[in-house]
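Undergrad: Next comes the structure file work-v9.txt, holding compact mmCIF, C-alpha atoms.
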```txt
# COMPACT_ATOMS: atom_id res chain seq x y z
CA MET L 1 47.64 19.12 48.04
CA LYS L 2 50.09 17.71 50.54
CA THR L 3 49.16 15.96 53.70
CA LEU L 4 50.91 16.18 57.06
CA THR L 5 52.28 12.79 56.29
CA HIS L 6 54.46 12.26 59.32
CA LEU L 7 51.22 11.39 61.14
CA PHE L 8 50.81 8.35 58.93
CA THR L 9 52.92 5.46 57.73
CA LYS L 10 55.85 6.05 55.43
CA SER L 11 53.98 4.25 52.63
CA SER L 12 50.94 6.51 52.88
CA PHE L 13 53.23 9.53 52.90
CA SER L 14 54.47 8.79 49.39
CA LEU L 15 50.99 8.41 47.95
CA ILE L 16 48.83 11.24 49.30
CA ARG L 17 48.93 15.03 49.60
CA LYS L 18 45.70 16.62 50.74
CA SER L 19 44.48 19.09 53.34
CA LEU L 20 43.47 17.91 56.79
CA PRO L 21 40.39 19.19 58.59
CA ALA L 22 41.13 22.43 60.41
CA LEU L 23 40.34 21.05 63.86
CA PHE L 24 42.73 18.14 63.40
CA LEU L 25 45.44 20.47 62.10
CA LEU L 26 45.12 22.82 65.07
CA THR L 27 45.22 19.91 67.50
CA TYR L 28 48.39 18.63 65.88
CA MET L 29 50.07 22.02 65.83
CA SER L 30 49.38 22.65 69.50
CA ALA L 31 51.31 19.53 70.40
CA ASN L 32 54.34 20.27 68.24
CA THR L 33 56.79 23.16 68.52
CA GLN L 34 59.76 23.52 66.25
CA SER L 35 63.10 23.50 68.04
CA LEU L 36 66.81 23.03 67.39
CA THR L 37 68.34 19.77 68.49
CA ALA L 38 70.70 19.91 71.48
CA GLU L 39 73.80 19.47 69.32
CA PHE L 40 73.16 22.64 67.36
CA GLU L 41 71.93 24.68 70.31
CA ALA L 42 75.22 23.87 72.03
CA ALA L 43 77.08 25.01 68.90
CA GLY L 44 75.49 28.46 69.21
CA TYR L 45 72.69 28.29 66.67
CA THR L 46 69.38 30.05 67.36
CA LEU L 47 65.92 29.63 65.86
CA THR L 48 63.58 32.57 65.25
CA ASP L 49 60.01 32.34 63.96
CA LEU L 50 59.57 35.30 61.59
CA GLY L 51 55.85 34.60 61.25
CA SER L 52 53.55 34.87 58.26
CA ILE L 53 53.65 37.30 55.34
CA ASP L 54 50.71 39.64 54.84
CA GLN L 55 48.68 38.92 51.68
CA LEU L 56 50.72 35.85 50.74
CA PRO L 57 48.25 33.05 49.92
CA SER L 58 48.43 30.12 52.32
CA GLN L 59 50.36 26.94 51.61
CA TYR L 60 53.77 28.55 51.23
CA GLY L 61 56.13 27.12 48.64
CA GLY L 62 59.87 27.53 48.14
CA LEU L 63 61.73 30.78 48.70
CA THR L 64 64.82 32.54 47.43
CA ILE L 65 66.78 35.80 47.58
CA ARG L 66 68.60 37.10 44.53
CA PRO L 67 72.11 38.25 45.56
CA ASP L 68 71.63 41.47 43.59
CA GLN L 69 68.38 42.17 45.51
CA PRO L 70 69.30 41.33 49.12
CA ASN L 71 66.28 43.09 50.64
CA THR L 72 63.62 41.29 48.61
CA LEU L 73 62.26 37.81 49.32
CA TYR L 74 60.75 35.73 46.52
CA ILE L 75 58.39 33.06 47.83
CA GLY L 76 55.74 30.72 46.45
CA GLY L 77 52.09 31.11 47.40
CA SER L 78 49.16 28.70 46.86
CA ALA L 79 51.79 26.00 46.42
CA ASN L 80 50.72 22.81 44.61
CA ASN L 81 47.72 24.73 43.27
CA SER L 82 47.05 25.57 39.62
CA GLY L 83 46.53 29.19 40.70
CA GLY L 84 49.89 29.34 42.48
CA GLY L 85 52.31 32.19 41.99
CA LEU L 86 55.67 33.59 42.99
CA TYR L 87 55.42 36.66 45.20
CA THR L 88 57.82 39.32 46.42
CA VAL L 89 57.98 41.06 49.79
CA GLY L 90 60.47 43.51 51.25
CA LEU L 91 62.76 42.42 54.07
CA ILE L 92 63.52 44.25 57.30
CA ARG L 93 67.10 43.77 58.48
CA ASP L 94 68.71 44.56 61.81
CA ALA L 95 70.84 47.68 61.47
CA VAL L 96 73.82 46.05 63.22
CA THR L 97 73.73 42.34 62.32
CA ASN L 98 71.91 42.61 58.96
CA ARG L 99 69.79 39.63 59.99
CA ILE L 100 66.24 39.46 58.67
CA THR L 101 63.84 40.39 61.45
CA GLY L 102 60.57 40.78 59.55
CA PHE L 103 58.76 41.74 56.38
CA ASN L 104 58.31 45.23 54.95
CA GLY L 105 54.75 45.53 53.65
CA SER L 106 52.57 42.97 51.93
CA ALA L 107 53.31 40.29 49.37
CA VAL L 108 52.96 41.31 45.71
CA LEU L 109 52.46 38.85 42.87
CA TYR L 110 55.64 38.67 40.76
CA VAL L 111 54.72 35.98 38.24
CA ALA L 112 52.27 33.11 37.86
CA ALA L 113 53.91 29.85 38.97
CA PRO L 114 51.23 27.16 38.78
CA ASN L 115 51.69 24.17 41.08
CA ASN L 116 54.93 25.61 42.48
CA ASP L 117 56.53 23.48 45.18
CA GLY L 118 59.60 23.54 47.42
CA GLY L 119 62.18 24.58 44.82
CA ILE L 120 62.41 28.11 43.40
CA VAL L 121 65.65 29.61 42.08
CA PHE L 122 66.89 32.25 39.65
CA ASP L 123 70.03 31.70 37.66
CA GLN L 124 72.45 34.59 37.33
CA TYR L 125 71.08 35.50 33.90
CA GLY L 126 67.46 35.92 35.01
CA THR L 127 65.85 32.57 34.17
CA LEU L 128 63.44 31.49 36.91
CA LEU L 129 63.23 27.75 37.61
CA PHE L 130 60.59 26.20 39.87
CA THR L 131 59.50 22.65 40.62
CA ARG L 132 55.88 21.66 39.92
CA TYR L 133 53.95 19.13 42.01
CA SER L 134 52.31 16.71 41.29
CA MET L 135 52.86 16.64 37.51
CA ASN L 136 56.63 16.13 38.01
CA GLU L 137 57.57 19.11 35.88
CA LEU L 138 60.02 21.99 35.89
CA GLY L 139 58.60 25.42 35.19
CA GLN L 140 60.86 27.93 33.44
CA VAL L 141 60.20 31.65 33.13
CA LEU L 142 62.76 32.93 30.62
CA PRO L 143 64.29 36.42 30.68
CA ASP L 144 61.84 37.56 27.96
CA ASN L 145 58.95 36.33 30.22
CA THR L 146 58.24 33.31 28.03
CA TYR L 147 56.88 30.47 30.17
CA ILE L 148 57.49 26.79 29.47
CA SER L 149 57.14 23.64 31.54
CA ILE L 150 58.90 20.33 30.84
CA SER L 151 58.41 16.85 32.23
CA LEU L 152 61.21 15.50 34.44
CA THR L 153 60.06 11.89 34.23
CA GLU L 154 62.01 11.21 31.04
CA PHE L 155 65.21 12.31 32.79
CA GLY L 156 64.89 9.66 35.50
CA ILE L 157 63.24 11.64 38.32
CA VAL L 158 60.59 9.63 40.17
CA SER L 159 57.24 11.41 40.34
CA SER L 160 56.89 13.81 41.73
CA VAL L 161 59.69 16.33 42.07
CA GLY L 162 59.97 18.38 45.27
CA ALA L 163 62.82 20.87 45.04
CA LEU L 164 65.97 21.85 43.18
CA ALA L 165 69.23 23.71 43.87
CA PHE L 166 72.43 24.69 42.10
CA VAL L 167 75.57 23.29 43.72
CA PRO L 168 77.71 26.27 44.84
CA ALA L 169 81.27 26.87 43.74
CA GLY L 170 83.81 25.09 45.94
CA TYR L 171 81.54 22.10 46.66
CA PRO L 172 81.81 18.68 45.02
CA GLY L 173 79.87 18.82 41.77
CA ALA L 174 79.98 22.63 41.70
CA GLY L 175 77.70 24.12 39.09
CA GLY L 176 75.51 21.03 38.87
CA LEU L 177 71.76 20.98 39.36
CA VAL L 178 70.32 18.78 42.10
CA PHE L 179 66.66 17.74 42.27
CA SER L 180 64.69 15.91 44.95
CA SER L 181 61.80 13.49 44.44
CA TYR L 182 59.23 14.14 47.16
CA ASN L 183 57.49 10.81 46.73
CA GLY L 184 60.60 8.75 46.12
CA GLY L 185 62.79 10.28 48.83
CA ILE L 186 65.64 10.45 46.31
CA MET L 187 68.15 13.17 45.41
CA TYR L 188 69.41 13.41 41.83
CA ASN L 189 72.12 15.16 39.82
CA VAL L 190 70.82 15.95 36.33
CA PRO L 191 73.12 17.28 33.58
CA TYR L 192 71.89 20.41 31.86
CA THR L 193 72.85 23.10 29.42
CA ARG L 194 71.47 26.59 29.09
CA GLU L 195 70.46 27.78 25.64
CA SER L 196 71.06 31.33 24.40
CA ASN L 197 67.43 32.30 25.13
CA GLY L 198 67.76 31.19 28.77
CA GLN L 199 65.97 27.86 28.40
CA TYR L 200 67.40 24.78 30.13
CA SER L 201 67.68 21.41 28.44
CA PHE L 202 68.55 18.18 30.26
CA SER L 203 69.95 14.70 29.95
CA VAL L 204 69.02 11.70 32.09
CA LYS L 205 70.26 11.84 35.70
CA VAL L 206 73.84 10.67 36.19
CA ALA L 207 73.72 10.02 39.94
CA GLU L 208 71.15 9.50 42.68
CA VAL L 209 71.08 9.00 46.45
CA SER L 210 68.19 7.81 48.61
CA VAL L 211 67.51 9.89 51.73
CA ASN L 212 64.66 7.73 53.04
CA PRO L 213 63.63 7.43 55.80
CA GLU L 214 65.73 10.10 57.52
CA ALA L 215 64.67 12.88 55.11
CA ALA L 216 61.35 11.49 53.89
CA GLY L 217 59.57 13.89 51.59
CA PRO L 218 62.65 15.99 50.74
CA GLU L 219 61.63 19.52 49.80
CA GLY L 220 63.92 22.56 50.19
CA ILE L 221 67.66 22.14 49.57
CA ALA L 222 70.36 24.54 50.80
CA TYR L 223 74.16 24.29 50.87
CA ILE L 224 75.64 25.36 54.21
CA PRO L 225 78.36 28.05 54.13
CA ALA L 226 81.83 26.59 54.54
CA GLY L 227 83.40 26.92 57.99
CA SER L 228 80.11 27.06 59.92
CA ALA L 229 80.19 25.78 63.51
CA ALA L 230 79.54 22.03 63.92
CA PHE L 231 80.14 21.49 60.21
CA PRO L 232 83.77 20.39 59.78
CA ASN L 233 83.06 19.29 56.22
CA LEU L 234 81.07 20.84 53.40
CA SER L 235 77.40 20.13 54.08
CA MET L 236 73.83 20.67 52.96
CA ALA L 237 70.44 21.02 54.66
CA ILE L 238 67.19 19.42 53.50
CA SER L 239 63.67 20.31 54.63
CA SER L 240 62.00 16.94 55.31
CA TYR L 241 58.27 17.47 54.91
CA GLY L 242 57.50 13.84 55.66
CA ASN L 243 59.24 13.83 59.05
CA GLY L 244 58.64 17.45 60.10
CA THR L 245 62.37 18.07 60.41
CA VAL L 246 65.35 19.80 58.89
CA VAL L 247 68.25 17.38 58.46
CA VAL L 248 71.85 18.01 57.43
CA TYR L 249 74.30 15.86 55.48
CA GLU L 250 77.88 16.12 54.32
CA VAL L 251 78.13 16.73 50.58
CA GLY L 252 79.53 13.95 48.43
CA GLU L 253 80.13 13.41 44.73
CA TYR L 254 77.91 15.34 42.32
CA GLY L 255 76.77 17.63 45.13
CA LEU L 256 74.57 14.90 46.62
CA PRO L 257 74.20 14.03 50.32
CA VAL L 258 76.21 11.27 52.00
CA PRO L 259 73.48 9.22 53.76
CA SER L 260 75.69 7.93 56.59
CA THR L 261 76.39 11.48 57.80
CA VAL L 262 72.76 12.50 58.47
CA ARG L 263 71.97 14.59 61.55
CA GLN L 264 68.74 16.23 62.68
CA MET L 265 68.92 19.98 63.10
CA VAL L 266 65.29 21.03 63.64
CA THR L 267 62.39 18.91 64.86
CA GLY L 268 58.70 19.44 65.61
CA LEU L 269 57.84 21.09 62.29
CA THR L 270 54.61 21.01 60.36
CA GLY L 271 55.00 21.23 56.59
CA ALA L 272 58.76 21.89 56.23
CA GLU L 273 58.99 23.25 52.68
CA GLY L 274 61.51 25.62 51.05
CA ALA L 275 65.13 26.25 52.04
CA LEU L 276 67.43 29.23 51.55
CA ILE L 277 70.80 30.57 52.65
CA ASP L 278 70.66 34.35 53.10
CA PRO L 279 73.45 35.69 50.83
CA VAL L 280 74.05 38.59 53.24
CA THR L 281 74.39 36.81 56.60
CA GLY L 282 74.49 33.09 55.90
CA ASP L 283 71.34 32.55 57.97
CA PHE L 284 69.27 29.54 56.96
CA LEU L 285 65.61 30.28 56.20
CA PHE L 286 62.84 27.86 55.42
CA SER L 287 59.12 28.10 54.78
CA THR L 288 56.20 25.92 55.84
CA PHE L 289 53.40 24.55 53.71
CA GLY L 290 50.63 24.88 56.27
CA GLY L 291 51.87 24.66 59.85
CA GLY L 292 51.01 28.32 60.30
CA ASN L 293 52.36 29.25 56.84
CA LYS L 294 55.45 31.03 58.09
CA VAL L 295 59.13 31.66 57.56
CA ILE L 296 61.69 30.48 60.12
CA ARG L 297 65.27 31.71 60.48
CA ILE L 298 68.23 29.81 61.93
CA SER L 299 71.25 31.96 62.75
CA GLY L 300 74.82 31.03 63.59
CA PHE L 301 76.20 30.03 60.19
CA GLU L 302 79.19 31.69 58.59
CA LYS L 303 78.61 34.48 56.11
CA PRO L 304 78.77 33.13 52.54
CA SER L 305 81.98 33.79 50.65
CA SER L 306 81.62 35.27 47.20
CA VAL L 307 84.26 32.78 46.08
CA SER L 308 83.08 29.53 47.61
CA ASP L 309 79.40 29.88 48.38
CA ARG L 310 77.81 31.57 45.38
CA PRO L 311 76.21 29.24 42.83
CA ALA L 312 78.55 28.41 39.98
CA GLU L 313 75.55 28.17 37.59
CA ASN L 314 77.27 25.38 35.68
CA GLN L 315 79.78 27.68 34.02
CA PRO L 316 81.89 24.84 32.67
CA GLY L 317 85.15 26.71 32.24
CA PHE L 318 86.08 24.74 29.13
CA THR L 319 85.49 24.80 25.39
CA LEU L 320 84.67 22.04 22.90
CA VAL L 321 85.91 22.54 19.33
CA PRO L 322 84.46 21.76 16.88
CA ASN L 323 80.86 21.53 18.08
CA PRO L 324 78.98 20.06 16.20
CA SER L 325 81.64 17.42 15.58
CA GLU L 326 82.01 14.45 13.26
CA GLY L 327 83.55 12.45 16.09
CA SER L 328 86.81 14.03 17.23
CA PHE L 329 86.86 17.19 19.33
CA VAL L 330 89.34 19.16 21.44
CA LEU L 331 88.60 20.11 25.05
CA GLU L 332 90.51 23.03 26.50
CA PHE L 333 90.09 24.61 29.93
CA ILE L 334 89.75 28.37 30.12
CA ARG L 335 91.58 28.52 33.47
CA PRO L 336 94.73 26.65 34.63
CA PHE L 337 94.25 23.17 36.03
CA ASN L 338 96.18 20.36 37.67
CA GLY L 339 94.37 17.45 36.09
CA GLY L 340 90.91 15.99 36.30
CA LEU L 341 88.33 13.78 34.67
CA VAL L 342 86.30 13.99 31.47
CA THR L 343 83.10 11.95 31.21
CA VAL L 344 80.70 11.79 28.28
CA TYR L 345 77.04 10.75 28.64
CA ASP L 346 74.45 10.07 25.99
CA ILE L 347 71.00 11.64 26.11
CA HIS L 348 69.74 8.68 28.17
CA GLY L 349 72.34 9.24 30.91
CA ASN L 350 74.53 6.29 29.92
CA LYS L 351 78.27 6.81 30.37
CA VAL L 352 79.93 6.33 26.98
CA MET L 353 83.44 7.57 27.76
CA GLU L 354 85.53 8.41 30.81
CA ARG L 355 89.11 9.67 30.70
CA GLU L 356 91.50 11.02 33.32
CA PHE L 357 94.02 13.68 32.41
CA SER L 358 96.95 15.20 34.28
CA ARG L 359 98.54 17.73 31.99
CA GLU L 360 97.75 21.26 30.95
CA GLY L 361 96.86 22.09 27.37
CA PRO L 362 94.22 20.85 24.92
CA LEU L 363 92.82 17.34 25.29
CA THR L 364 91.72 15.50 22.14
CA CYS L 365 88.82 13.05 22.46
CA ASP L 366 87.51 10.70 19.78
CA LEU L 367 83.86 9.61 19.75
CA SER L 368 83.78 8.62 16.08
CA LEU L 369 82.56 5.09 16.92
CA LEU L 370 79.40 6.47 18.56
CA PRO L 371 76.17 7.15 16.64
CA ALA L 372 75.20 10.69 15.71
CA GLY L 373 73.15 12.53 18.31
CA VAL L 374 73.28 14.74 21.40
CA TYR L 375 75.79 14.05 24.19
CA PHE L 376 76.74 15.78 27.44
CA VAL L 377 80.41 16.29 28.27
CA ARG L 378 81.29 16.67 31.96
CA ALA L 379 84.75 17.98 32.78
CA GLU L 380 85.95 18.04 36.38
CA ASN L 381 88.97 20.07 37.44
CA GLY L 382 89.63 19.99 41.17
CA ASN L 383 86.53 21.32 42.95
CA SER L 384 84.95 22.77 39.81
CA SER L 385 82.97 20.93 37.19
CA GLY L 386 80.44 21.61 34.49
CA TYR L 387 78.56 20.24 31.52
CA GLN L 388 78.42 21.19 27.88
CA LYS L 389 76.22 19.77 25.17
CA LEU L 390 78.05 18.13 22.27
CA ILE L 391 76.40 17.29 18.96
CA LEU L 392 77.83 14.46 16.89
CA LYS L 393 76.98 14.60 13.19
```
For the file at hand, write its structure as structure tokens.

TA:
Amino acid sequence: MKTLTHLFTKSSFSLIRKSLPALFLLTYMSANTQSLTAEFEAAGYTLTDLGSIDQLPSQYGGLTIRPDQPNTLYIGGSANNSGGGLYTVGLIRDAVTNRITGFNGSAVLYVAAPNNDGGIVFDQYGTLLFTRYSMNELGQVLPDNTYISISLTEFGIVSSVGALAFVPAGYPGAGGLVFSSYNGGIMYNVPYTRESNGQYSFSVKVAEVSVNPEAAGPEGIAYIPAGSAAFPNLSMAISSYGNGTVVVYEVGEYGLPVPSTVRQMVTGLTGAEGALIDPVTGDFLFSTFGGGNKVIRISGFEKPSSVSDRPAENQPGFTLVPNPSEGSFVLEFIRPFNGGLVTVYDIHGNKVMEREFSREGPLTCDLSLLPAGVYFVRAENGNSSGYQKLILK
């Protein structure tokens, strides 16, 4: 279990997660009240405590809303516990603003999600992905309800993982998958492909950014809707469990935060955990692991655009022919483009080829000097990018 680590040193934070005695926890909570920083209050943002969810087991995990089910919240319960699960609960929305004002009924178990943590997300095809603490694994519930769990250590993620998020369309690294290491205070971009049965396979991380100490213990990750007040550039929010804050960063290459742009948005939290942008209103919601086990809403963001703020789900927008290949293959974009960059990585995350292009039409690449095996091809075209798996025979 986690500990309220911002009471201790940064070094102890990365090593321990356990419950505190109830008396100590209550004493701590009475002295700390979550609040927006002055900068964001002045920009018109408001914070609303939506409270706890009836029948949802304590130690809340990550949370998400499927765009096709806007009035249902999916949220982790008994987080970090082998008996943890993903639950659903109905949402009550204001008749005028559509903002979430409360919960309709009690939580209902949706699926077992052992050791779920701050990251829970569905892809658009129905695969459920959730991070697992402290075994540093990714749980996958496939559309046919098959459950698998894979280690993330071999892909370069420092134990143990905290959260994950798809980079939305229109953002740098759109379609990519970003993970956080809770213990390491590091954000990663990890190439992936989705198999026909819905299962995700990965290569070693291709980029990483440290967010320590400003976002120690990074948990929930959410990309802020473009055009929101006080955010002149595309940005993201991170729930920092270790510091009891929500911090925001501008988004850089690969959908990762730019450390020099960090700003605090919410302070005085206990157990900052999941993170979510409401697809209906753009409101930012986050959960707390302990700290009252509740859901908090921040309003004032722009409404997400179906074009720029919906996850791209790594739809690469290009084809590789032939695949498998004996060395030479042709890359062709499905949509028009004005030029971009093609990068090829081996299964260990090493860059084995990089090539810029500036013309429309097929692009021929030759990897015949490389050994047979599995490679990941990343093609970037303006603000869109994606990966495809290439097999060399």

Undergrad: Given the point (70.0, 30.3, 41.7) in the coordinates of this file, which residues lie within 12 Å, counting all atoms listed in the file, and how would they look as an NGL selection string?

TA: :L and (63-68 or 74 or 119-130 or 164-169 or 175-178 or 221-223 or 276-277 or 279 or 309-314)

Undergrad: Kindly provide, as a list in words, the polymer residues lying within 6 Å of (76.4, 22.1, 21.1), counting only C-alpha atoms and using the coordinates exactly as they appear in the file.

TA: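 The distance filter leaves exactly Asn323, Pro324, Lys389, Leu390 and Ile391 of chain L.
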
Undergrad: For a quick check of understanding, using all atoms listed in the file, which of L:Leu56, L:Arg93, L:Pro257, L:Asn293 has the smallest distance to Val108 (chain L)?

TA: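 Among L:Leu56, L:Arg93, L:Pro257, L:Asn293, it is L:Leu56 that comes nearest to Val108 (chain L).
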
Undergrad: Could you give me, as a Markdown table, every region 273-357 of chain L residue with an atom at most 12 Å from region 260-266 of chain L, plus its closest atom pair and distance in Å to one decimal, counting all atoms listed in the file, rows ordered by chain then number?

TA:
```
| residue | atom | partner | partner_atom | distance |
| --- | --- | --- | --- | --- |
| L:Phe284 | CA | L:Met265 | CA | 11.4 |
| L:Leu285 | CA | L:Val266 | CA | 11.9 |
| L:Phe286 | CA | L:Val266 | CA | 11.0 |
| L:Ile296 | CA | L:Val266 | CA | 10.7 |
| L:Arg297 | CA | L:Val266 | CA | 11.1 |
| L:Ile298 | CA | L:Val266 | CA | 9.4 |
```

Undergrad: Keeping C-alpha atoms, export the residues of the selection given above as a short mmCIF file (atom, residue, chain, number, x, y, z; two decimals), keeping the file's coordinate frame.

TA:
```
data_model
loop_
_atom_site.label_atom_id
_atom_site.label_comp_id
_atom_site.auth_asym_id
_atom_site.auth_seq_id
_atom_site.Cartn_x
_atom_site.Cartn_y
_atom_site.Cartn_z
CA PHE L 284 69.27 29.54 56.96
CA LEU L 285 65.61 30.28 56.20
CA PHE L 286 62.84 27.86 55.42
CA ILE L 296 61.69 30.48 60.12
CA ARG L 297 65.27 31.71 60.48
CA ILE L 298 68.23 29.81 61.93
#
```

Undergrad: Could you tell me how far CA of Val247 (chain L) sits from CA of Ala272 (chain L), in Å to one decimal place?

TA: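 Straight-line distance from CA of Ala272 (chain L) to CA of Val247 (chain L) works out to 10.7 Å.
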
Undergrad: Hey, which of L:Val251, L:Ala38, L:Val246, L:Leu152 ends up closest to Gly173 (chain L)? Count only C-alpha atoms.

TA: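 Closest residue, counting only C-alpha atoms: L:Val251.
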
Undergrad: I want to know what sits within 8 Å of Gly290 (chain L), based on only C-alpha atoms, with residues of the same chain fewer than 3 positions away left out; could you give that as a PyMOL selection string?

TA: chain L and resi 58-60+270-271+293

Undergrad: Given only C-alpha atoms as the basis, pick out the residue of L:Ser52, L:Val158, L:Asp346, L:Gly340 nearest to Ser358 (chain L).

TA: L:Gly340

Undergrad: Check the smallest atom-to-atom distance from each of L:Leu269, L:Val206, L:Val258, L:Ala226 to Thr245 (chain L) using only C-alpha atoms, then report the winner.

TA: L:Leu269

Undergrad: Distance CA of Gly244 (chain L)-CA of Lys294 (chain L), one decimal place?

TA: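 Answer for the CA of Gly244 (chain L) to CA of Lys294 (chain L) separation: 14.1 Å.
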
Undergrad: Between CA of Val89 (chain L) and CA of Gly118 (chain L), what is the distance in Å, rounded to a tenth?

TA: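 So the answer is 17.8 Å.
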
Undergrad: Restricting the calculation to all atoms listed in the file: of L:Gly292, L:Gly185, L:Lys205, L:Val342, which residue gets closest to Gly386 (chain L)?

TA: L:Val342

Undergrad: Could you check which of L:Ala379, L:Val330, L:Ile53, L:Leu256 is closest to Val209 (chain L), using all atoms listed in the file?

TA: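 Answer, going by the shortest atom-to-atom distance: L:Leu256.
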
Undergrad: Name all residues at most 8 Å from Ser82 (chain L) (count only C-alpha atoms; drop same-chain ones fewer than 2 positions away) and give them as a ChimeraX atom specification.

TA: /L:80,84,114-115

Undergrad: Could you write out the selected residues, including C-alpha atoms, as a PDB file, in the coordinates of the input?

TA:
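Writing the result to part.pdb gives the following:
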```
ATOM      1  CA  ASN L  80      50.720  22.810  44.610  1.00  0.00           C
ATOM      2  CA  GLY L  84      49.890  29.340  42.480  1.00  0.00           C
ATOM      3  CA  PRO L 114      51.230  27.160  38.780  1.00  0.00           C
ATOM      4  CA  ASN L 115      51.690  24.170  41.080  1.00  0.00           C
TER       5      ASN L 115
END
```

Undergrad: Could you add N, CA, C and O atoms to region 171-185 of chain L and give me the result as a PDB file, in the frame of the given file?

TA:
```pdb
ATOM      1  N   TYR L 171      82.108  23.348  46.155  1.00  0.00           N
ATOM      2  CA  TYR L 171      81.540  22.100  46.660  1.00  0.00           C
ATOM      3  C   TYR L 171      81.715  21.005  45.603  1.00  0.00           C
ATOM      4  O   TYR L 171      81.779  21.298  44.406  1.00  0.00           O
ATOM      5  N   PRO L 172      81.755  19.735  46.019  1.00  0.00           N
ATOM      6  CA  PRO L 172      81.810  18.680  45.020  1.00  0.00           C
ATOM      7  C   PRO L 172      80.640  18.807  44.042  1.00  0.00           C
ATOM      8  O   PRO L 172      79.504  19.027  44.462  1.00  0.00           O
ATOM      9  N   GLY L 173      80.935  18.689  42.761  1.00  0.00           N
ATOM     10  CA  GLY L 173      79.870  18.820  41.770  1.00  0.00           C
ATOM     11  C   GLY L 173      79.448  20.248  41.522  1.00  0.00           C
ATOM     12  O   GLY L 173      78.337  20.492  41.032  1.00  0.00           O
ATOM     13  N   ALA L 174      80.322  21.215  41.839  1.00  0.00           N
ATOM     14  CA  ALA L 174      79.980  22.630  41.700  1.00  0.00           C
ATOM     15  C   ALA L 174      79.410  22.946  40.329  1.00  0.00           C
ATOM     16  O   ALA L 174      79.921  22.493  39.316  1.00  0.00           O
ATOM     17  N   GLY L 175      78.336  23.730  40.326  1.00  0.00           N
ATOM     18  CA  GLY L 175      77.700  24.120  39.090  1.00  0.00           C
ATOM     19  C   GLY L 175      76.618  23.175  38.626  1.00  0.00           C
ATOM     20  O   GLY L 175      75.853  23.496  37.719  1.00  0.00           O
ATOM     21  N   GLY L 176      76.532  21.995  39.241  1.00  0.00           N
ATOM     22  CA  GLY L 176      75.510  21.030  38.870  1.00  0.00           C
ATOM     23  C   GLY L 176      74.140  21.425  39.394  1.00  0.00           C
ATOM     24  O   GLY L 176      74.001  22.336  40.217  1.00  0.00           O
ATOM     25  N   LEU L 177      73.134  20.730  38.935  1.00  0.00           N
ATOM     26  CA  LEU L 177      71.760  20.980  39.360  1.00  0.00           C
ATOM     27  C   LEU L 177      71.240  19.719  40.041  1.00  0.00           C
ATOM     28  O   LEU L 177      71.251  18.635  39.462  1.00  0.00           O
ATOM     29  N   VAL L 178      70.805  19.894  41.295  1.00  0.00           N
ATOM     30  CA  VAL L 178      70.320  18.780  42.100  1.00  0.00           C
ATOM     31  C   VAL L 178      68.814  18.904  42.285  1.00  0.00           C
ATOM     32  O   VAL L 178      68.306  19.986  42.597  1.00  0.00           O
ATOM     33  N   PHE L 179      68.100  17.808  42.064  1.00  0.00           N
ATOM     34  CA  PHE L 179      66.660  17.740  42.270  1.00  0.00           C
ATOM     35  C   PHE L 179      66.357  16.745  43.380  1.00  0.00           C
ATOM     36  O   PHE L 179      67.132  15.825  43.640  1.00  0.00           O
ATOM     37  N   SER L 180      65.183  16.909  44.013  1.00  0.00           N
ATOM     38  CA  SER L 180      64.690  15.910  44.950  1.00  0.00           C
ATOM     39  C   SER L 180      63.360  15.368  44.452  1.00  0.00           C
ATOM     40  O   SER L 180      62.562  16.096  43.853  1.00  0.00           O
ATOM     41  N   SER L 181      63.118  14.082  44.663  1.00  0.00           N
ATOM     42  CA  SER L 181      61.800  13.490  44.440  1.00  0.00           C
ATOM     43  C   SER L 181      61.099  13.429  45.782  1.00  0.00           C
ATOM     44  O   SER L 181      61.550  12.726  46.696  1.00  0.00           O
ATOM     45  N   TYR L 182      59.996  14.153  45.908  1.00  0.00           N
ATOM     46  CA  TYR L 182      59.230  14.140  47.160  1.00  0.00           C
ATOM     47  C   TYR L 182      58.719  12.743  47.459  1.00  0.00           C
ATOM     48  O   TYR L 182      58.910  12.222  48.548  1.00  0.00           O
ATOM     49  N   ASN L 183      58.079  12.114  46.488  1.00  0.00           N
ATOM     50  CA  ASN L 183      57.490  10.810  46.730  1.00  0.00           C
ATOM     51  C   ASN L 183      58.529   9.714  46.872  1.00  0.00           C
ATOM     52  O   ASN L 183      58.369   8.793  47.672  1.00  0.00           O
ATOM     53  N   GLY L 184      59.609   9.803  46.096  1.00  0.00           N
ATOM     54  CA  GLY L 184      60.600   8.750  46.120  1.00  0.00           C
ATOM     55  C   GLY L 184      61.631   8.878  47.225  1.00  0.00           C
ATOM     56  O   GLY L 184      62.321   7.911  47.534  1.00  0.00           O
ATOM     57  N   GLY L 185      61.760  10.081  47.817  1.00  0.00           N
ATOM     58  CA  GLY L 185      62.790  10.280  48.830  1.00  0.00           C
ATOM     59  C   GLY L 185      64.185  10.116  48.256  1.00  0.00           C
ATOM     60  O   GLY L 185      65.072   9.549  48.896  1.00  0.00           O
TER      61      GLY L 185
END
```
